[in-house]
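S.K.: Take a look at this one; I'll ask things after.
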Amino acid sequence: MPRARALERPRGVALSFQGVTHRYGPRIALDQLDLQVFQGEVLALLGPNGAGKSTTISVLLGLVRPQQGRVQVLGSDPRRAVADGRVGAMLQSGSGIGLPPGVRVEQALGLVRRLYPRPAQFDQIVERADIGGLLRQRTDRLSGGQAQRVRFAIAIAGDPEVVFLDEPTSAMDVESRQGFWRMMRDFGDEGRTVLFATHHLAEADEIADRVIVLNHGTVVADGPGATLKAAVATRRLRFVTDHPDRATLSELDGVTEVDVCGTGVSIDSLDADATIRDLVGRGVPFRDLEVTGAGLEQAFVALTGCGNGRANAGAGLLAKGPSLGATVRDVP
Amino acid sequence: MTELSAAAPALADDPFVEDHAGSVPRIGWRSRLVPLMAFGRFEVGRLLRSWKFLAITVGFPVIFYLLFLRDRPAGEVVGGTVTWRVYLMVAMCSFGALVAALNAGGTRLSMERASGWARQLRITPIPAWSYVGTKVVASMLVVLPVIVLVEGVGAAFGDVRLGAATWVGLTVLVWATALPFALLGVFVGFLVATEAAFPVVTGLMFVLGYFGGLFTPVNRMPGSLQLLAQFMPSYHHDALALAALDGRTLAPSHWLVLAGYVAVLATAIMWKHRVEEARGLA
Ligand SMILES: Nc1ncnc2c1ncn2[C@@H]1O[C@H](COP(=O)(O)OP(=O)(O)OP(=O)(O)O)[C@@H](O)[C@H]1O
Ligand SMILES: [Mg+2]
């Protein structure tokens with residue numbers, strides 16, 4: 001859903017990374033990361049395991065001090081922003097649920113509210129996070145998805161201007177996930193900055209204004225949700241024709257990219273049906289036609305796949321480039 | 001790069017905000033103290049509501065007192081003018097303090113670190129040290145009622161009779177000198193993985209209890225064990241209180257050893273905290 005609101009007024013920079021490098025021992029987690037996130041932006045952070053998503057969030061929270069580069073949150077040092085109670089976060093839980101054992105949900109939430117100088121209303125948090133039915137439950141008896149909702153409540157308890165969510169829906173069922181997306185979007189619509197890491201492409205596409213794909217600690221793709229949608233819509237047509245004419249093929253309806261190799265043709269199209277109709281209409285003889293989705297999933301794999309990621313760093317937009325890779329199935 | 005120009009949220013009516021210079025008001029000391037007290041109350045309340053914690057911290061010293069009381073004639077003098085009934089009460093006060101402090105700190109802290117709760121607190125506005133600090137304070141706070149309870153059991157079931165001032169003095173002394181136990185509990189919680197925390201805490205409880213002379217007076221132990229006892233904080237904790245009751249001067253060696261434990265454990269905790277913080281784990 002487009003956010004007109006966000007475009008209307010000039011926005012300050014909420015988060016900024018300048019040449020940030022962080023190593024855990026010899027292992028590089030962030031590699032010269034540059035990134036700017038504007039106030040009111042809802043940003044999704046995608047990337048394979050170990051890409052540096054959690055490290056990015058840790059750095060933004062001041063939990064980790066990067067060895068090189070400059071990080072600012074709301075115009076100040078990350079720790080300053082945290083100490084001023086302007087930041088909330090839901091961390092990736094390790095072995096446990098990230099809640100204090102042996103207390104009721106309302107007690108844990110009540111405590112966290114009291115730790116902030118300007119907390120949100122208790123009832124409002126409860127409604128937002130949809131935990132009304134869980135308040136009197138003990139934290140160690142929550143299901144995984146319930147615990148995630150409670151941790152979201154804790155993340156927003158301080159009425160933060162910026163929220164970081166690390167894989168917030170990983171344990172939720174489809175229904176809670178949908179509800180969660182709604183409330184995350186509401187949160188962004190209020191002009192707060194939301195940065196969330198996820199492995200769900202649909203989630204990124206659905207709620208984010210902007211999607212960043214991270215690999216090996218650098219940004220390999222950065223574009224608005226609409227660009228992702230285009231990537232999802234893109235289909236790749238492959239067929240064999242005896243005398244391929246690049247000029248004609250480029251004129252076909254919906255075509256964005258033509259690749260000719262001998263008698264083999266590969267075309268990327270935003271509307272495969274129209275392209276095929278046009279192909280038939282122009283009387284181009286073809287055989288062995290194969291239509292595959294050069295979708296988001298594939299775009300993602302191509303961008304972050306072994307060795308490919310760095311080469312594509314300049315590509316910038318997800319939907320562009322013939323490097324989207326051989327594809328065999330559609331996006332779910 | 002565009003500089004941030006957002007207006008700060010309206011804060012003018014917040015009584016806790018003292019300084020309005022700059023776009024973001026700094027938070028005054030009072031509003032820094034209020035959250036810490038809330039956190040302290042939360043921690044103490046959590047301990048006192050836990051049946052497991054209460055059963056262990058109250059059960060061990062009280063049951064041991066009642067059991068061991070019959071081992072000897074209650075009026076038998078075990079050292080100086082101190083009788084068995086008094087010795088045992090003081091020893092069980094030490095043991096109760098030890099058990100309460102180790103259980104309040106150790107297992108819980110280890111669990112909370114593993115579960116990510118400690119990290120979650122780390123990203124709230126309270127200062128970095130306040131998690132550990134509050135744990136130590138909460139341990140000390142739950143130690144006090146345990147001491148008073150054991151004294152009550154001593155008076156009720158062991159016929160211990162002391163003057164009012166002596167009771168108060170004894171309580172304060174035993175309580176204040178329990179600080180090394182509180183630090184030890186927190187240190188164990190920092191150092192030991194969750195699965196190991198409970199066995200380690202239980203092991204320490206009995207090692208420090210037995211070799212510190214809390215189950216048998218040290219002067220009734222074999223010579224080698226008497227030497228070992230000198231290294232136990234539990235021995236010095238107990239010995240200080242016994243000396244006070246016996247009207248003897250409080251030997252500086254006891255204070256020195258306890259202070260040494262405090263210094264070493266506090267340093268170890270700070271070191272561990274710093275290491276973890278550098279790694280982004282604390
Ligand atoms: N505390 C740590 N100590 C050592 N190495 C670490 C630590 N945390 C992360 N790493 C390493 O840093 C790199 C980036 O990890 P990070 O957790 O940021 O990835 P991620 O994108 O969040 O992955 P995932 O999708 O699995 O959550 C990885 O190679 C990881 O092994
Ligand atoms: Mg992660």
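Please note that chains go A, B, ... in the order of the structure tokens, that every chain numbers its residues from 1, and that ligands are numbered from 1 in the order shown.
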Using only C-alpha atoms and all ligand atoms, find each protein or nucleic acid residue lying at most 7 Å from ligand 1; present the set as a PyMOL selection string.
M.R.: (chain A and resi 24-25+27-29+47-56) or (chain B and resi 279-281)
S.K.: Find the residues of chain A in contact range of chain B, meaning any atom within 7 Å when counting only C-alpha atoms, and list them as a ChimeraX atom specification.
M.R.: /A:12-13,61,63-64,74-75,82-85,93-100,103,111,114-117
S.K.: May I have the residues within 10 Å of range 170-184 of chain A as a CSV table (one decimal) with C-alpha atoms, in the first residue's frame, using only C-alpha atoms and disregarding those fewer than 2 positions away in the same chain?
M.R.:
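So selection.csv came out as:
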chain,number,residue,atom,x,y,z
A,42,VAL,CA,9.0,1.1,7.2
A,92,GLN,CA,16.1,-12.3,17.8
A,127,GLU,CA,-4.6,-3.5,22.2
A,128,ARG,CA,-1.9,-2.9,19.7
A,129,ALA,CA,0.0,-6.1,20.4
A,130,ASP,CA,-3.3,-8.0,20.8
A,143,SER,CA,3.4,-20.5,23.1
A,144,GLY,CA,6.1,-19.3,20.7
A,145,GLY,CA,3.8,-17.0,18.7
A,146,GLN,CA,2.2,-15.6,21.9
A,147,ALA,CA,5.6,-14.9,23.3
A,148,GLN,CA,6.4,-13.0,20.1
A,149,ARG,CA,3.3,-10.8,20.6
A,152,PHE,CA,6.4,-6.8,20.5
A,163,VAL,CA,11.5,0.3,16.4
A,165,LEU,CA,12.2,-5.9,15.0
A,166,ASP,CA,14.4,-9.0,14.3
A,167,GLU,CA,12.3,-11.7,12.6
A,168,PRO,CA,9.3,-10.7,14.6
A,186,ASP,CA,-0.3,1.1,11.7
A,187,PHE,CA,2.8,1.8,13.7
A,188,GLY,CA,4.6,3.1,10.6
A,189,ASP,CA,1.7,5.1,9.5
A,194,VAL,CA,10.3,0.7,11.6
A,196,PHE,CA,12.5,-5.2,10.6
A,198,THR,CA,12.7,-11.1,7.9
A,199,HIS,CA,13.0,-14.1,5.8
A,200,HIS,CA,9.4,-13.8,4.5
A,203,GLU,CA,6.1,-9.9,4.5
A,204,ALA,CA,8.7,-7.5,3.2
A,206,GLU,CA,3.4,-6.4,2.0
A,207,ILE,CA,4.4,-4.0,4.7
A,208,ALA,CA,7.6,-2.3,3.8
S.K.: Applying 6 Å and only C-alpha atoms, which residues near range 232-244 of chain B remain after dropping the ones on its own chain fewer than 2 positions away? List them as a list in words.
M.R.: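 Returned residues: Ala91, Ser94, Leu208, Gly212, Gly213, Ala229, Gln230, Asp246, Gly247, Arg248, His254 and Leu258 of chain B.
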S.K.: Between CA of Gly191 in chain A and CA of Ser16 in chain A, what is the distance in Å, rounded to a tenth?
M.R.: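 We find that CA of Gly191 in chain A and CA of Ser16 in chain A lie 17.4 Å from each other.
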S.K.: Taking the DSSP assignment computed from this structure's backbone, write out as number ranges by chain all residues of range 127-239 of chain A that belong to strand (DSSP E).
M.R.: A: 162-166, 193-197, 210-215, 218-224, 235-239
